[in-house]
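This report concerns only the one structure given below.
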Amino acid sequence: MIENPYVKQFPDLMKGKTLLYVHGFGSSGQSGTVTRLRTVLPNAKVIAPDLPVHPAEAQELLQAICRQEQPQLIVGTSMGGMYTEQLYGFDRICINPALQIADTMQAHGMTGTQTFQNPRLDGVQQFYVDKALVKEYRQVSEQRFAAVTTDEQQRVFGLFGDKDDLVDTFDLFHQHYPNAMHFHGEHRMDDRSYMHSVMPVIRWIDDRQEGRERPIIYIGIETLWQQPAADSQARPSAQKAVRQLIENYQVYFVCPAPTSAPQLYAQATAWLEQYINVPAWGHTVFTNQRRLLYGDYLIEAAATKDAMATIIDFGSDTFKTWDDVTEYFSRLGGQ
């Protein structure tokens with residue numbers, strides 16, 4: 001039974017598929033992230049090996065697993081994100097990838113005797129990092145981006161914590177992969193940052209693999225924030241509603257076009273990054289012609305005439321609050 005308020009199971013997501021998790025430096029396949037993945041994706045097969053300390057051996061193990069298991073998705077964190085980037089030919093999510101791990105090890109005192117943060121199946125509790133091992137990590141990390149193609153660029157997502165004080169490789173990653181985004185969180189993810197940031201990306205990937213087309217909901221940004229507009233916080237229940245809607249729908253956020261209202265455009269994009277974050281990445285539409293939006297539903301504060309979608313008139317007697325909107329869509333059951 002799940003008691004954590006942030007954690008929810010998705011039995012149909014990645015159902016029957018294999019997910020390979022690649023842990024970070026000094027961790028193991030028994031990390032909290034592995035537990036999280038297995039809890040949230042109960043019908044997926046999650047493989048999480050304990051990686052050898054020597055990077056060449058770790059790469060050899062991961063490549064062997066990929067050949068044998070053919071995972072539909074690979075998720076790697078920190079050092080594991082560095083390894084994951086190099087596992088070409090698979091859909092992958094690199095979370096705070098330590099793409100310059102040798103520099104990170106030296107800068108943060110990851111040398112000398114180290115204790116594994118999580119128990120390992122072989123029972124080993126400590127390992128030693130000397131200059132020779134740091135050199136091995138440098139050589140392996142320098143193999144990054146060796147086989148990036150147009151196809152690979154669409155198969156890899158990078159997630160970077162905006163409060164990560166250990167690794168900062170966003171710019172380096174983004175030079176090679178367009179799907180790079182920040183999430184609210186630190187180097188080590190907690191339940192909240194995982195559910196709000198990683199799960200939407202897993203859902204996008206699973207939908208693409210399955211050719212799944214969800215009903216489309218457009219949300220006018222004016223329905224999300226309080227007055228006065230972009231200087232305010234989110235309306236009560238707005239963030240919760242968005243998280244619930246993206247479980248069953250393809251959600252897009254509609255903002256004014258930058259050419260007609262540049263200041264409001266800048267405020268809106270900053271606001272979405274602050275309050276909606278990852279679910280808004282690549283899912284924001286900038287237009288002053290909402291009547292041209294072709295979809296299933298359009299949630300907005302002022303009804304658009306001749307809209308090519310069912311209008312949800314936010315603020316009306318029927319949809320006065322986001323709780324009313326959530327209740328309406330819960331009754332629809334994803335239709």
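Letters A, B, ... go to the chains of the structure tokens in the order shown; residues in each chain start at 1; ligands are counted from 1 in the same order.
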Show me, as a list in words, the residues that have an atom within 10 Å of segment 318-329 of chain A when counting only C-alpha atoms, minus same-chain residues fewer than 2 positions from it. Thr223, Leu224, Arg235, Pro236, Ser237, Ala238, Gln239, Lys240, Ala241, Val242, Gln244, Leu245, Asn248, Tyr249, Ile299, Ala301, Ile312, Asp313, Phe314, Gly315, Ser316, Arg331, Leu332, Gly333, Gly334 and Gln335 of chain A
Distance query Tyr294 of chain A at most 12 Å, only C-alpha atoms, self and fewer than 5 positions along chain excluded, as a VMD selection string: chain A and resid 215 to 218 252 285 289 306 to 311
If we count only C-alpha atoms and set the cut-off at 7 Å, which residues sit around segment 54-70 of chain A, ignoring sequence neighbours fewer than 6 positions away in its own chain? Please answer as an NGL selection string. :A and (83 or 136-137 or 140)
I need the chosen residues saved as a short mmCIF file (atom, residue, chain, number, x, y, z; two decimals), in the first residue's frame, with all heavy atoms.
```cif
data_model
loop_
_atom_site.label_atom_id
_atom_site.label_comp_id
_atom_site.auth_asym_id
_atom_site.auth_seq_id
_atom_site.Cartn_x
_atom_site.Cartn_y
_atom_site.Cartn_z
N TYR A 83 26.95 7.10 -18.38
CA TYR A 83 26.94 5.80 -19.06
C TYR A 83 25.73 5.68 -20.01
O TYR A 83 25.84 5.17 -21.12
CB TYR A 83 26.87 4.67 -18.04
CG TYR A 83 28.14 4.43 -17.25
CD1 TYR A 83 28.09 4.17 -15.88
CD2 TYR A 83 29.38 4.43 -17.87
CE1 TYR A 83 29.23 3.92 -15.15
CE2 TYR A 83 30.54 4.20 -17.15
CZ TYR A 83 30.46 3.94 -15.78
OH TYR A 83 31.60 3.70 -15.06
N GLU A 136 40.81 6.57 -15.47
CA GLU A 136 39.92 5.67 -16.19
C GLU A 136 38.56 6.32 -16.43
O GLU A 136 37.99 6.22 -17.54
CB GLU A 136 39.72 4.37 -15.40
CG GLU A 136 40.96 3.49 -15.32
CD GLU A 136 40.71 2.24 -14.51
OE1 GLU A 136 39.57 1.69 -14.59
OE2 GLU A 136 41.61 1.81 -13.77
N TYR A 137 38.05 6.98 -15.41
CA TYR A 137 36.76 7.67 -15.56
C TYR A 137 36.86 8.80 -16.58
O TYR A 137 35.93 9.03 -17.36
CB TYR A 137 36.29 8.21 -14.21
CG TYR A 137 35.59 7.18 -13.37
CD1 TYR A 137 36.22 6.60 -12.28
CD2 TYR A 137 34.29 6.77 -13.67
CE1 TYR A 137 35.58 5.64 -11.50
CE2 TYR A 137 33.64 5.81 -12.90
CZ TYR A 137 34.29 5.25 -11.81
OH TYR A 137 33.66 4.31 -11.06
N VAL A 140 36.73 7.32 -20.10
CA VAL A 140 35.40 6.86 -20.48
C VAL A 140 34.46 8.03 -20.73
O VAL A 140 33.69 8.04 -21.70
CB VAL A 140 34.82 5.93 -19.39
CG1 VAL A 140 33.33 5.70 -19.61
CG2 VAL A 140 35.56 4.60 -19.40
#
```
Report as a list in words all protein, DNA and RNA residues lying within 7 Å of Gln9 of chain A, evaluated on only C-alpha atoms, omitting residues in the same chain fewer than 2 positions from it. Val7, Pro11, Thr39, Val40, Leu41 and Pro42 of chain A
Saved selection, atoms kept: N, CA and C atoms, as a tab-separated table (two decimals), in the first residue's frame:
```tsv
chain	number	residue	atom	x	y	z
A	7	VAL	N	3.58	9.78	-4.37
A	7	VAL	CA	3.81	8.60	-5.19
A	7	VAL	C	2.47	7.97	-5.58
A	11	PRO	N	-0.25	1.45	-13.52
A	11	PRO	CA	-0.16	0.05	-13.98
A	11	PRO	C	-0.05	-0.10	-15.49
A	39	THR	N	7.84	0.85	-7.80
A	39	THR	CA	6.56	1.16	-7.16
A	39	THR	C	5.61	1.85	-8.14
A	40	VAL	N	6.13	2.83	-8.87
A	40	VAL	CA	5.29	3.63	-9.76
A	40	VAL	C	4.93	2.85	-11.03
A	41	LEU	N	5.83	2.00	-11.50
A	41	LEU	CA	5.60	1.22	-12.72
A	41	LEU	C	5.53	-0.25	-12.37
A	42	PRO	N	4.44	-0.69	-11.72
A	42	PRO	CA	4.38	-2.05	-11.18
A	42	PRO	C	4.38	-3.15	-12.24
```
Quick one: everything within 12 Å of Lys131 of chain A, counting only C-alpha atoms, minus sequence neighbours fewer than 5 positions away in the same chain. Send it as number ranges by chain. A: 102-103, 105-106, 110-112, 136-138
Can you work out the spacing between atom CA of Asn43 of chain A and atom CA of Gly16 of chain A in Å, to one decimal?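 That distance, rounded to one decimal, is 6.0 Å.
Shortest atom-to-atom contact with Thr35 of chain A among A:Glu152, A:Asp317, A:Asp190, A:Asp162: A:Asp190, counting only C-alpha atoms.
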